[in-house]
Structure formats: C-alpha cells, structure tokens
file model-v9.pdb (PDB, C-alpha atoms)
ATOM      1  CA  MET A  27     -37.101 -11.802   6.972
ATOM      2  CA  ALA A  28     -35.453 -13.891   9.640
ATOM      3  CA  ASP A  29     -31.965 -13.101   8.368
ATOM      4  CA  SER A  30     -30.028 -10.563  10.369
ATOM      5  CA  PRO A  31     -29.806  -7.386   8.297
ATOM      6  CA  ARG A  32     -26.708  -6.986   6.188
ATOM      7  CA  PRO A  33     -24.278  -4.453   7.635
ATOM      8  CA  LEU A  34     -24.677  -1.089   5.941
ATOM      9  CA  PRO A  35     -21.961  -0.258   3.415
ATOM     10  CA  LYS A  36     -19.373   2.305   4.424
ATOM     11  CA  ILE A  37     -19.395   5.516   2.413
ATOM     12  CA  GLY A  38     -16.436   7.699   1.441
ATOM     13  CA  ILE A  39     -17.221  11.220   0.271
ATOM     14  CA  ILE A  40     -14.695  13.218  -1.719
ATOM     15  CA  GLY A  41     -15.555  16.896  -1.500
ATOM     16  CA  ALA A  42     -17.165  18.810   1.358
ATOM     17  CA  GLY A  43     -19.106  21.478  -0.473
ATOM     18  CA  GLN A  44     -22.877  21.767  -0.382
ATOM     19  CA  VAL A  45     -23.419  18.336  -1.969
ATOM     20  CA  GLY A  46     -20.889  16.399   0.103
ATOM     21  CA  ARG A  47     -22.125  17.966   3.345
ATOM     22  CA  THR A  48     -25.793  17.375   2.557
ATOM     23  CA  LEU A  49     -25.366  13.724   1.587
ATOM     24  CA  ALA A  50     -23.057  13.011   4.527
ATOM     25  CA  THR A  51     -25.666  14.469   6.895
ATOM     26  CA  LEU A  52     -28.571  12.469   5.444
ATOM     27  CA  TRP A  53     -26.651   9.185   5.476
ATOM     28  CA  VAL A  54     -25.217   9.619   8.971
ATOM     29  CA  GLN A  55     -28.774  10.289  10.159
ATOM     30  CA  ALA A  56     -29.773   7.007   8.489
ATOM     31  CA  GLY A  57     -27.067   5.114  10.416
ATOM     32  CA  TYR A  58     -24.288   4.868   7.821
ATOM     33  CA  GLN A  59     -20.605   5.248   8.615
ATOM     34  CA  VAL A  60     -19.230   8.041   6.462
ATOM     35  CA  MET A  61     -15.695   9.334   5.914
ATOM     36  CA  VAL A  62     -15.561  12.864   4.532
ATOM     37  CA  SER A  63     -12.647  14.525   2.794
ATOM     38  CA  ALA A  64     -12.263  18.150   1.828
ATOM     39  CA  ARG A  65      -9.691  20.519   0.345
ATOM     40  CA  THR A  66      -7.876  20.397   3.669
ATOM     41  CA  LEU A  67      -7.954  17.812   6.438
ATOM     42  CA  ALA A  68      -8.915  20.595   8.868
ATOM     43  CA  ASP A  69     -12.113  21.302   6.894
ATOM     44  CA  ALA A  70     -12.929  17.599   6.774
ATOM     45  CA  THR A  71     -12.286  17.220  10.515
ATOM     46  CA  THR A  72     -14.590  20.143  11.332
ATOM     47  CA  LEU A  73     -17.343  18.667   9.170
ATOM     48  CA  ALA A  74     -16.952  15.173  10.639
ATOM     49  CA  ALA A  75     -17.064  16.575  14.189
ATOM     50  CA  SER A  76     -20.354  18.336  13.390
ATOM     51  CA  LEU A  77     -21.856  15.082  12.093
ATOM     52  CA  GLY A  78     -21.206  12.994  15.190
ATOM     53  CA  PRO A  79     -19.628   9.608  15.937
ATOM     54  CA  LEU A  80     -20.597   7.845  12.692
ATOM     55  CA  ALA A  81     -18.536  10.356  10.704
ATOM     56  CA  SER A  82     -14.765  10.499  10.345
ATOM     57  CA  ALA A  83     -12.371  12.655   8.328
ATOM     58  CA  GLY A  84      -9.624  11.726   5.912
ATOM     59  CA  THR A  85      -7.807  12.662   2.735
ATOM     60  CA  PRO A  86      -9.468  11.910  -0.623
ATOM     61  CA  ALA A  87      -7.286   8.802  -0.905
ATOM     62  CA  GLN A  88      -8.345   7.633   2.577
ATOM     63  CA  ALA A  89     -12.018   8.269   1.844
ATOM     64  CA  ALA A  90     -11.677   6.301  -1.410
ATOM     65  CA  ALA A  91     -10.112   3.402   0.493
ATOM     66  CA  PHE A  92     -12.648   3.564   3.354
ATOM     67  CA  GLY A  93     -15.868   3.393   1.380
ATOM     68  CA  SER A  94     -17.303   0.406  -0.441
ATOM     69  CA  ILE A  95     -19.370   3.206  -1.991
ATOM     70  CA  VAL A  96     -17.513   6.419  -2.832
ATOM     71  CA  VAL A  97     -19.075   9.744  -3.802
ATOM     72  CA  LEU A  98     -17.338  12.216  -6.138
ATOM     73  CA  ALA A  99     -18.771  15.506  -4.854
ATOM     74  CA  VAL A 100     -16.245  17.724  -6.611
ATOM     75  CA  PRO A 101     -16.185  20.288  -9.435
ATOM     76  CA  TYR A 102     -16.246  18.319 -12.696
ATOM     77  CA  GLY A 103     -12.898  19.796 -13.759
ATOM     78  CA  VAL A 104     -11.009  17.685 -11.204
ATOM     79  CA  ILE A 105     -12.451  14.362 -12.445
ATOM     80  CA  PRO A 106      -9.484  13.586 -14.765
ATOM     81  CA  ALA A 107      -6.954  14.163 -11.959
ATOM     82  CA  LEU A 108      -8.992  12.156  -9.447
ATOM     83  CA  GLY A 109      -9.268   9.344 -11.973
ATOM     84  CA  ARG A 110      -5.505   9.283 -12.361
ATOM     85  CA  ASP A 111      -4.973   9.270  -8.583
ATOM     86  CA  LEU A 112      -7.805   7.044  -7.389
ATOM     87  CA  ASN A 113      -8.892   4.656 -10.140
ATOM     88  CA  ARG A 114      -6.820   1.808  -8.718
ATOM     89  CA  THR A 115      -8.150   2.335  -5.166
ATOM     90  CA  LEU A 116     -11.709   2.332  -6.549
ATOM     91  CA  THR A 117     -11.400  -0.978  -8.427
ATOM     92  CA  ASP A 118     -14.790  -2.754  -8.368
ATOM     93  CA  LYS A 119     -16.285  -0.155  -6.016
ATOM     94  CA  VAL A 120     -19.546   1.672  -6.541
ATOM     95  CA  VAL A 121     -18.726   5.297  -7.363
ATOM     96  CA  ILE A 122     -21.523   7.878  -7.259
ATOM     97  CA  ASP A 123     -20.768  10.747  -9.611
ATOM     98  CA  VAL A 124     -22.639  13.884  -8.528
ATOM     99  CA  ALA A 125     -20.343  16.308 -10.376
ATOM    100  CA  ASN A 126     -21.936  18.615 -12.951
ATOM    101  CA  PRO A 127     -19.933  19.917 -15.902
ATOM    102  CA  TYR A 128     -19.978  23.695 -16.465
ATOM    103  CA  ILE A 129     -17.787  25.004 -19.269
ATOM    104  CA  ALA A 130     -17.065  28.374 -17.614
ATOM    105  CA  ARG A 131     -15.717  26.688 -14.490
ATOM    106  CA  ASP A 132     -14.448  23.325 -15.691
ATOM    107  CA  GLY A 133     -13.051  24.049 -19.158
ATOM    108  CA  TRP A 134     -12.474  21.443 -21.873
ATOM    109  CA  ILE A 135     -13.586  18.414 -19.843
ATOM    110  CA  ALA A 136     -17.026  20.001 -19.359
ATOM    111  CA  ASP A 137     -17.308  20.382 -23.108
ATOM    112  CA  VAL A 138     -16.620  16.669 -23.554
ATOM    113  CA  ALA A 139     -18.996  15.657 -20.738
ATOM    114  CA  LEU A 140     -21.857  17.781 -22.042
ATOM    115  CA  ARG A 141     -21.395  16.312 -25.505
ATOM    116  CA  ASP A 142     -20.803  12.637 -24.643
ATOM    117  CA  GLY A 143     -22.724  12.547 -21.358
ATOM    118  CA  ALA A 144     -21.284  13.163 -17.904
ATOM    119  CA  GLY A 145     -21.614   9.576 -16.666
ATOM    120  CA  VAL A 146     -19.960   8.030 -19.697
ATOM    121  CA  THR A 147     -17.144  10.604 -19.529
ATOM    122  CA  THR A 148     -16.519   9.973 -15.806
ATOM    123  CA  GLN A 149     -16.430   6.217 -16.422
ATOM    124  CA  ARG A 150     -13.526   6.709 -18.863
ATOM    125  CA  TYR A 151     -11.432   8.156 -16.030
ATOM    126  CA  PHE A 152     -12.454   5.412 -13.587
ATOM    127  CA  PRO A 153     -12.420   2.334 -15.841
ATOM    128  CA  SER A 154     -12.106  -0.057 -12.876
ATOM    129  CA  ALA A 155     -15.085   1.348 -10.917
ATOM    130  CA  HIS A 156     -18.861   1.046 -11.305
ATOM    131  CA  ILE A 157     -19.995   4.608 -11.980
ATOM    132  CA  VAL A 158     -23.544   5.622 -11.103
ATOM    133  CA  ARG A 159     -24.813   9.142 -11.799
ATOM    134  CA  ALA A 160     -27.126  10.357  -9.025
ATOM    135  CA  PHE A 161     -27.848  13.311  -6.736
ATOM    136  CA  ASN A 162     -26.556  15.744  -9.371
ATOM    137  CA  SER A 163     -29.852  17.088 -10.670
ATOM    138  CA  ILE A 164     -31.588  18.535  -7.631
ATOM    139  CA  ASP A 165     -30.546  21.611  -5.716
ATOM    140  CA  MET A 166     -29.245  20.586  -2.285
ATOM    141  CA  VAL A 167     -31.376  23.156  -0.471
ATOM    142  CA  SER A 168     -34.467  21.456  -1.934
ATOM    143  CA  LEU A 169     -33.060  18.012  -1.286
ATOM    144  CA  ARG A 170     -32.552  18.799   2.410
ATOM    145  CA  ALA A 171     -35.961  20.450   2.724
ATOM    146  CA  GLU A 172     -37.817  17.612   0.971
ATOM    147  CA  ALA A 173     -35.969  14.588   2.407
ATOM    148  CA  HIS A 174     -38.304  12.290   4.372
ATOM    149  CA  ARG A 175     -41.409  14.259   3.367
ATOM    150  CA  PRO A 176     -44.728  12.351   3.337
ATOM    151  CA  ASP A 177     -45.396  10.259   0.224
ATOM    152  CA  PRO A 178     -45.104  10.830  -2.644
ATOM    153  CA  LYS A 179     -41.412  11.461  -1.989
ATOM    154  CA  LEU A 180     -39.163  13.715  -4.068
ATOM    155  CA  ALA A 181     -37.701  11.644  -6.923
ATOM    156  CA  VAL A 182     -33.964  11.432  -7.601
ATOM    157  CA  PRO A 183     -32.967  10.208 -11.076
ATOM    158  CA  LEU A 184     -30.005   7.845 -11.357
ATOM    159  CA  ALA A 185     -28.260   5.998 -14.156
ATOM    160  CA  GLY A 186     -25.661   3.245 -14.281
ATOM    161  CA  ASP A 187     -24.488   0.284 -16.333
ATOM    162  CA  ASP A 188     -23.880  -2.115 -13.436
ATOM    163  CA  THR A 189     -27.138  -3.505 -12.032
ATOM    164  CA  ALA A 190     -25.754  -4.352  -8.596
ATOM    165  CA  ALA A 191     -24.214  -0.882  -8.270
ATOM    166  CA  VAL A 192     -27.499   0.770  -9.261
ATOM    167  CA  LEU A 193     -29.328  -1.260  -6.589
ATOM    168  CA  GLU A 194     -26.848  -0.119  -3.928
ATOM    169  CA  VAL A 195     -27.344   3.513  -4.907
ATOM    170  CA  LYS A 196     -31.141   3.060  -4.900
ATOM    171  CA  ASP A 197     -30.815   1.929  -1.264
ATOM    172  CA  LEU A 198     -28.924   5.132  -0.443
ATOM    173  CA  VAL A 199     -31.599   7.257  -2.123
ATOM    174  CA  TYR A 200     -34.258   5.528  -0.011
ATOM    175  CA  ALA A 201     -32.115   5.939   3.110
ATOM    176  CA  ALA A 202     -31.980   9.695   2.471
ATOM    177  CA  GLY A 203     -35.785   9.820   2.461
ATOM    178  CA  LEU A 204     -36.108  10.201  -1.305
ATOM    179  CA  ASP A 205     -37.458   8.103  -4.168
ATOM    180  CA  PRO A 206     -35.032   6.669  -6.766
ATOM    181  CA  VAL A 207     -35.970   6.636 -10.452
ATOM    182  CA  VAL A 208     -33.557   4.647 -12.637
ATOM    183  CA  THR A 209     -33.417   6.193 -16.109
ATOM    184  CA  GLY A 210     -31.337   3.336 -17.574
ATOM    185  CA  GLY A 211     -27.676   2.785 -18.400
ATOM    186  CA  LEU A 212     -24.992   5.404 -17.835
ATOM    187  CA  ALA A 213     -25.626   7.006 -21.236
ATOM    188  CA  THR A 214     -29.111   8.016 -20.045
ATOM    189  CA  ALA A 215     -27.568  10.300 -17.396
ATOM    190  CA  LYS A 216     -27.668  12.874 -20.204
ATOM    191  CA  LEU A 217     -31.388  13.156 -19.469
ATOM    192  CA  PHE A 218     -30.670  14.926 -16.172
ATOM    193  CA  GLN A 219     -27.356  16.732 -16.658
ATOM    194  CA  PRO A 220     -27.072  20.541 -17.036
ATOM    195  CA  GLY A 221     -28.900  21.818 -20.099
ATOM    196  CA  SER A 222     -31.365  18.901 -20.180
ATOM    197  CA  THR A 223     -35.062  18.559 -19.351
ATOM    198  CA  GLY A 224     -34.422  16.564 -16.204
ATOM    199  CA  PHE A 225     -31.887  18.938 -14.676
ATOM    200  CA  GLU A 226     -33.229  20.642 -11.513
ATOM    201  CA  LEU A 227     -36.588  18.994 -12.115
ATOM    202  CA  GLU A 228     -38.389  18.497  -8.781
ATOM    203  CA  ARG A 229     -41.154  15.925  -9.151
ATOM    204  CA  ASP A 230     -42.369  12.759  -7.508
ATOM    205  CA  ALA A 231     -41.455   9.475  -9.211
ATOM    206  CA  ALA A 232     -44.509   9.388 -11.480
ATOM    207  CA  GLY A 233     -44.009  13.015 -12.477
ATOM    208  CA  LEU A 234     -40.318  12.508 -13.194
ATOM    209  CA  ARG A 235     -40.936   9.372 -15.282
ATOM    210  CA  SER A 236     -43.543  11.209 -17.282
ATOM    211  CA  ALA A 237     -41.358  14.330 -17.813
ATOM    212  CA  LEU A 238     -38.453  12.163 -18.988
ATOM    213  CA  HIS A 239     -40.717   9.849 -21.047
ATOM    214  CA  LEU A 240     -39.595   6.775 -19.113
ATOM    215  CA  HIS A 241     -41.775   3.704 -19.050
ATOM    216  CA  HIS A 242     -42.310   1.992 -15.716
TER
END

call {"tool": "encode", "arguments": {"input": "model-v9.pdb", "output": "structure tokens"}}
result
Amino acid sequence: MADSPRPLPKIGIIGAGQVGRTLATLWVQAGYQVMVSARTLADATTLAASLGPLASAGTPAQAAAFGSIVVLAVPYGVIPALGRDLNRTLTDKVVIDVANPYIARDGWIADVALRDGAGVTTQRYFPSAHIVRAFNSIDMVSLRAEAHRPDPKLAVPLAGDDTAAVLEVKDLVYAAGLDPVVTGGLATAKLFQPGSTGFELERDAAGLRSALHLHH
C-alpha cells in the first residue's frame, strides 16, 4: 500500500477499573492516544501518568468528547445515567460496551439486559451511537497474559449492528494482540454475556466459532 497509513483513532475510556486500565495499557502500547476517566480526576490522572505520553486524563464527558471510539468500562448499573448524560456527545461515534450486567450489583437494569441482551439494552440508552459489544467476556488477567501470544491468538467475541463500527473495533482487537470473532448483530451479544456459553470462554478463533456454533 503506497498510501500513508490513516491516523489511528483516538480512544476515550470511561471507567478505570480492571477493564479500563487493561485496555488503555494495551492500546497505548500499540500507539493509540487514549484519554482515561475515573470516579475522580485524581484517579484518572494517576493512571494516565503511569501509561506515558500517549495517555491523558479527563472527566467522563471529556473522554466521550475526545474519542472517536469510546469505551464504557463501567458497572452496568450506571449505563442509564451515562446514556442520559453522554448520548448527545456520542452521536455517530463507535461506543464499545464492555459492561456486564449482574443483578446483585446492578439491580433492575441488569434484569432487563440479561433478558433482552446487554448490547441491545445499551443501544436503547445511546440511540445516537454505534454500540459494539466486545472485551466483556474474557477475564482481564487472562487477556493481559495472553495478549500478543504466538498464533493462534486468544479470540475475543464482538457483536454490533453497524458494519463500519464493527470493523473499527476489530482493528482494536488486533492492535491488542488478540483475534476478533464477530458473532453477528448486536442481538448476538447474548451469546457471550454472563450466564451464556460464550462468557469467560478462552479459545482461539476456530475454537470459539465452534463453541458458539458460528459459521465462518
């Protein structure tokens, strides 16, 4: 390809728990600019400082504005409030939903998400964004340990209704040293949410496709 490479998209990460920290680390290592936000700006600043010059810190609203791709790395229970606050900022952006619904922690919204599907439920709260479910099904300790391992790579399932958004998220899975497996539209995210066969399933791409009965 003679074309100069496209500039890498900027990534905003909302939430600085295990998932937010792990993904921020992997993407900064791959050369992406990342803005992290946490419960407090101090926590976000500490995290950004540990990640080096490609990382910066902000509020959730700033991270949502910064990224052309924005990650919701939060407890599922806060999704309705974030939708109310950030849907407008996230218009037409790719939003990666990594939040898993647990009834004990997240209450009624988890009940709805487990019944209707987490991706579909998140999309209702962010009607202007392109929701892609990804990075929610594998324990972050494993993800860190297995990133960039020799082939066959660890497979990460993802689901989304917008083809262009899914392609962007596939690029981020590759950048993290993992292998993306698209299960289908957002409704198929049910295949790898808590309580399903695909949840916490660690396989290579062929193994994951076979376990989830996906055809190539």

call {"tool": "resolve_selection", "arguments": {"input": "model-v9.pdb", "expression": "the PyMOL selection byres ((chain A and resi 96) around 7)", "output": "list in words"}}
result
Ile37, Gly38, Ile39, Ala90, Gly93, Ser94, Ile95, Val97, Leu98, Val120, Val121 and Ile122 of chain A

call {"tool": "closest_residue", "arguments": {"input": "model-v9.pdb", "among": "A:Asp29, A:Asp69, A:Glu172, A:Asp230", "to": "Gly84 in chain A", "atoms": "only C-alpha atoms"}}
result
A:Asp69

call {"tool": "resolve_selection", "arguments": {"input": "model-v9.pdb", "expression": "the PyMOL selection byres ((chain A and resi 72) around 12)", "output": "ChimeraX atom specification"}}
result
/A:42,47,62-64,66-71,73-78,81-84

call {"tool": "resolve_selection", "arguments": {"input": "model-v9.pdb", "expression": "the PyMOL selection byres ((chain A and resi 125-129) around 6)", "output": "ChimeraX atom specification"}}
result
/A:99-102,123-124,130-133,136

call {"tool": "closest_residue", "arguments": {"input": "model-v9.pdb", "among": "A:Thr48, A:Asn162, A:Ser222, A:Thr117", "to": "Val182 in chain A", "atoms": "all atoms listed in the file"}}
result
A:Asn162

call {"tool": "atom_distance", "arguments": {"input": "model-v9.pdb", "atom1": "CA of Ala144 in chain A", "atom2": "CA of Phe218 in chain A"}}
result
9.7 Å

call {"tool": "closest_residue", "arguments": {"input": "model-v9.pdb", "among": "A:Ala231, A:Ala89, A:Ile105, A:Ala202", "to": "Leu180 in chain A", "atoms": "only C-alpha atoms"}}
result
A:Ala231

call {"tool": "closest_residue", "arguments": {"input": "model-v9.pdb", "among": "A:Ala181, A:Ala201, A:Ala87, A:Ala190", "to": "Leu169 in chain A", "atoms": "all atoms listed in the file"}}
result
A:Ala181

call {"tool": "closest_residue", "arguments": {"input": "model-v9.pdb", "among": "A:Gln55, A:Gln44, A:Gln219, A:Thr148", "to": "Met166 in chain A", "atoms": "only C-alpha atoms"}}
result
A:Gln44

call {"tool": "atom_distance", "arguments": {"input": "model-v9.pdb", "atom1": "CA of Gly224 in chain A", "atom2": "CA of Ser163 in chain A"}}
result
7.2 Å

call {"tool": "closest_residue", "arguments": {"input": "model-v9.pdb", "among": "A:Gly233, A:Pro176, A:Gly109, A:Pro183", "to": "Pro153 in chain A", "atoms": "only C-alpha atoms"}}
result
A:Gly109

call {"tool": "decode", "arguments": {"input": "model-v9.pdb", "residues": "range 171-190 of chain A", "atoms": "N, CA and C atoms", "output": "mmCIF file, in the first residue's frame"}}
result
data_model
loop_
_atom_site.group_PDB
_atom_site.id
_atom_site.type_symbol
_atom_site.label_atom_id
_atom_site.label_comp_id
_atom_site.auth_asym_id
_atom_site.auth_seq_id
_atom_site.Cartn_x
_atom_site.Cartn_y
_atom_site.Cartn_z
ATOM 1 N N ALA A 171 -2.416 -11.575 30.054
ATOM 2 C CA ALA A 171 -1.420 -12.647 29.959
ATOM 3 C C ALA A 171 -1.321 -13.192 28.534
ATOM 4 N N GLU A 172 -2.447 -13.235 27.824
ATOM 5 C CA GLU A 172 -2.488 -13.884 26.509
ATOM 6 C C GLU A 172 -2.309 -12.914 25.341
ATOM 7 N N ALA A 173 -2.372 -11.614 25.598
ATOM 8 C CA ALA A 173 -2.230 -10.640 24.502
ATOM 9 C C ALA A 173 -0.889 -10.858 23.795
ATOM 10 N N HIS A 174 -0.912 -10.789 22.481
ATOM 11 C CA HIS A 174 0.314 -10.914 21.666
ATOM 12 C C HIS A 174 1.001 -12.268 21.816
ATOM 13 N N ARG A 175 0.253 -13.310 22.219
ATOM 14 C CA ARG A 175 0.875 -14.637 22.265
ATOM 15 C C ARG A 175 1.069 -15.136 20.829
ATOM 16 N N PRO A 176 1.914 -16.166 20.635
ATOM 17 C CA PRO A 176 2.058 -16.708 19.270
ATOM 18 C C PRO A 176 0.710 -17.218 18.754
ATOM 19 N N ASP A 177 0.571 -17.271 17.426
ATOM 20 C CA ASP A 177 -0.668 -17.800 16.844
ATOM 21 C C ASP A 177 -0.878 -19.250 17.267
ATOM 22 N N PRO A 178 -2.108 -19.742 17.393
ATOM 23 C CA PRO A 178 -3.334 -18.968 17.257
ATOM 24 C C PRO A 178 -3.585 -18.076 18.473
ATOM 25 N N LYS A 179 -3.981 -16.831 18.194
ATOM 26 C CA LYS A 179 -4.222 -15.857 19.255
ATOM 27 C C LYS A 179 -5.504 -16.186 20.036
ATOM 28 N N LEU A 180 -5.609 -15.579 21.220
ATOM 29 C CA LEU A 180 -6.836 -15.685 22.011
ATOM 30 C C LEU A 180 -7.943 -14.917 21.285
ATOM 31 N N ALA A 181 -9.103 -15.526 21.154
ATOM 32 C CA ALA A 181 -10.214 -14.907 20.410
ATOM 33 C C ALA A 181 -11.095 -14.069 21.324
ATOM 34 N N VAL A 182 -11.492 -12.905 20.834
ATOM 35 C CA VAL A 182 -12.403 -12.008 21.540
ATOM 36 C C VAL A 182 -13.681 -11.891 20.719
ATOM 37 N N PRO A 183 -14.830 -12.332 21.261
ATOM 38 C CA PRO A 183 -16.071 -12.187 20.504
ATOM 39 C C PRO A 183 -16.565 -10.743 20.524
ATOM 40 N N LEU A 184 -17.158 -10.305 19.414
ATOM 41 C CA LEU A 184 -17.772 -8.978 19.387
ATOM 42 C C LEU A 184 -19.016 -9.010 18.525
ATOM 43 N N ALA A 185 -19.915 -8.075 18.804
ATOM 44 C CA ALA A 185 -21.196 -8.024 18.102
ATOM 45 C C ALA A 185 -21.601 -6.573 17.915
ATOM 46 N N GLY A 186 -22.171 -6.272 16.746
ATOM 47 C CA GLY A 186 -22.640 -4.908 16.502
ATOM 48 C C GLY A 186 -23.493 -4.857 15.250
ATOM 49 N N ASP A 187 -24.355 -3.854 15.180
ATOM 50 C CA ASP A 187 -25.250 -3.708 14.033
ATOM 51 C C ASP A 187 -24.643 -2.868 12.920
ATOM 52 N N ASP A 188 -23.664 -2.021 13.257
ATOM 53 C CA ASP A 188 -23.098 -1.111 12.261
ATOM 54 C C ASP A 188 -21.782 -1.696 11.738
ATOM 55 N N THR A 189 -21.753 -2.021 10.454
ATOM 56 C CA THR A 189 -20.596 -2.720 9.881
ATOM 57 C C THR A 189 -19.304 -1.935 10.035
ATOM 58 N N ALA A 190 -19.358 -0.636 9.769
ATOM 59 C CA ALA A 190 -18.139 0.179 9.875
ATOM 60 C C ALA A 190 -17.633 0.212 11.318
#
